[in-house]
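Reviewing the structure listed below.
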Amino acid sequence: MLPPPQDSLRLRKYINVPVFLVILMVILESILSALSFLAEIMGSILLVVIFLSIILIAIVLVLLVYSFKTGKVPFPNLVIITIIFFEGPIKAIMRLGGVDDTAIDQLSVDLQNRVMRPTFVRIPYDKRAIFIPQCLRSVNCQARLSPEGIKCMGCGACEISKAKKEAEGMGYLFFVVPGSSFMVRMIKKYRPQAIIGVGCMGEVKEGLDLMHKNNMPAIGVVLTTAGCVGTILDWEKLYEVMKAYDNKST
């Protein structure tokens, strides 16, 4: 006697079950089977992504070691993007090799400045914005916080008033901000085409990463001495970046 077909065996267990429950159970079995197949596919894709990520991180680590030894960085865009998306693992591995996190941040800032500079210098002054941290203010500053940051009164007690006068005379938007949220708000409001950001190493790197992801040309100028008050900036470096303009390429 021939064995019953497989479908008959499958349905025989449902003989005493109401029809709608049989249909429901068959549907659930089909869904679970499909989900199991999808999980296998997703698992395979995840393994491939992890494998490729490990290879990419390894390549960039080699490039970083090479850059620290020679001062040259091949494939800067690849290095920048990889540092942005895999910053944690890269810093952890480099730390094991005795490389401080600050050195990675400095390299990232330098690279992004170098990569973005050719595009930045083609943007006219009146389509740029400068963001200065409030920690550069004089301890005797009388300026007050407004919805657009600290409104400099031009008292001359610190270098900010001079920089503001020169920048605005060139056409720049000039902001003294207490935090990155103000900077993002002003960018959304005024929509400049290029940015100069001043701050401590961490703030500048974070800002450049954000601008890089949004494809906006930005140059970062790092404070010489960081802190909450009484910080120091190489103002000549800022003025040099402010004046950088290549009118032959426009």
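Ordered as shown in the structure tokens, chains take letters A, B, and onward, while each chain numbers its residues from 1 and ligands are numbered from 1 in the order shown.
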
Worksheet item: Where does DSSP see strand (DSSP E or B) in range 50-211 of chain A, if you list the residues as a list in words?
Response: Arg128, Ala129, Ile130, Phe131, Ile132, Pro133, Leu145, Ser146, Gly149, Ile150, Leu173, Phe174, Phe175, Val176, Val177, Ala194, Ile195, Ile196, Gly197, Val198 and Gly199 of chain A

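For range 47-54 of chain A, the set of protein, DNA and RNA residues having any atom at most 12 Å away, when counting only C-alpha atoms and skipping those fewer than 3 positions along the same chain, is Glu40, Ile41, Met42, Gly43, Ser44, Ile57, Ala58, Ile59, Val60, Leu61, Thr82, Ile83, Phe85, Phe86, Pro89 and Ile90 of chain A.
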
C-alpha atoms of the current selection, written as a PDB file, in the first residue's frame:
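After the write, out-v8.pdb holds the following:
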```
ATOM      1  CA  GLU A  40      18.960  33.386   6.933  1.00  0.00           C
ATOM      2  CA  ILE A  41      19.301  35.924   4.123  1.00  0.00           C
ATOM      3  CA  MET A  42      19.672  38.860   6.543  1.00  0.00           C
ATOM      4  CA  GLY A  43      22.184  36.910   8.597  1.00  0.00           C
ATOM      5  CA  SER A  44      24.296  36.272   5.507  1.00  0.00           C
ATOM      6  CA  ILE A  57      38.977  49.405   9.055  1.00  0.00           C
ATOM      7  CA  ALA A  58      42.164  47.370   8.578  1.00  0.00           C
ATOM      8  CA  ILE A  59      43.028  49.280   5.389  1.00  0.00           C
ATOM      9  CA  VAL A  60      42.443  52.644   7.074  1.00  0.00           C
ATOM     10  CA  LEU A  61      44.515  51.613  10.099  1.00  0.00           C
ATOM     11  CA  THR A  82      35.901  55.585   7.665  1.00  0.00           C
ATOM     12  CA  ILE A  83      36.954  57.575  10.740  1.00  0.00           C
ATOM     13  CA  PHE A  85      31.599  55.931  10.755  1.00  0.00           C
ATOM     14  CA  PHE A  86      34.048  53.689  12.650  1.00  0.00           C
ATOM     15  CA  PRO A  89      36.870  50.849  16.915  1.00  0.00           C
ATOM     16  CA  ILE A  90      39.627  52.803  15.144  1.00  0.00           C
TER      17      ILE A  90
END
```

Worksheet item: So which residues of range 35-236 of chain A fall under helix (DSSP H, G or I) by DSSP, listed as an MDAnalysis selection string?
Response: chainID A and resid 35:70 76:85 87:96 101:120 125:127 134:136 159:170 180:190 201:213 235:236

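Interatomic distance, CA of Pro76 in chain A against CA of Leu111 in chain A: 6.4 Å.
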
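Closest approach to Arg137 in chain A among A:Pro124, A:Gly207, A:Gly71, A:Pro178 is made by A:Pro178 (distances from only C-alpha atoms).
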
Item to complete: Go through A:Leu208, A:Ser138, A:Phe131, A:Pro74 one by one, measure the shortest atom-to-atom distance of each to Arg185 in chain A using only C-alpha atoms, and give the residue with the smallest value.
Response: A:Phe131

Fill in: Contact residues around Ile123 in chain A with only C-alpha atoms at 10 Å, ignoring same-chain residues under 6 positions, as a list in words
Pro192, Gln193, Ala194, Ile195, Pro217, Ala244, Tyr245, Asp246, Asn247, Ser249 and Thr250 of chain A
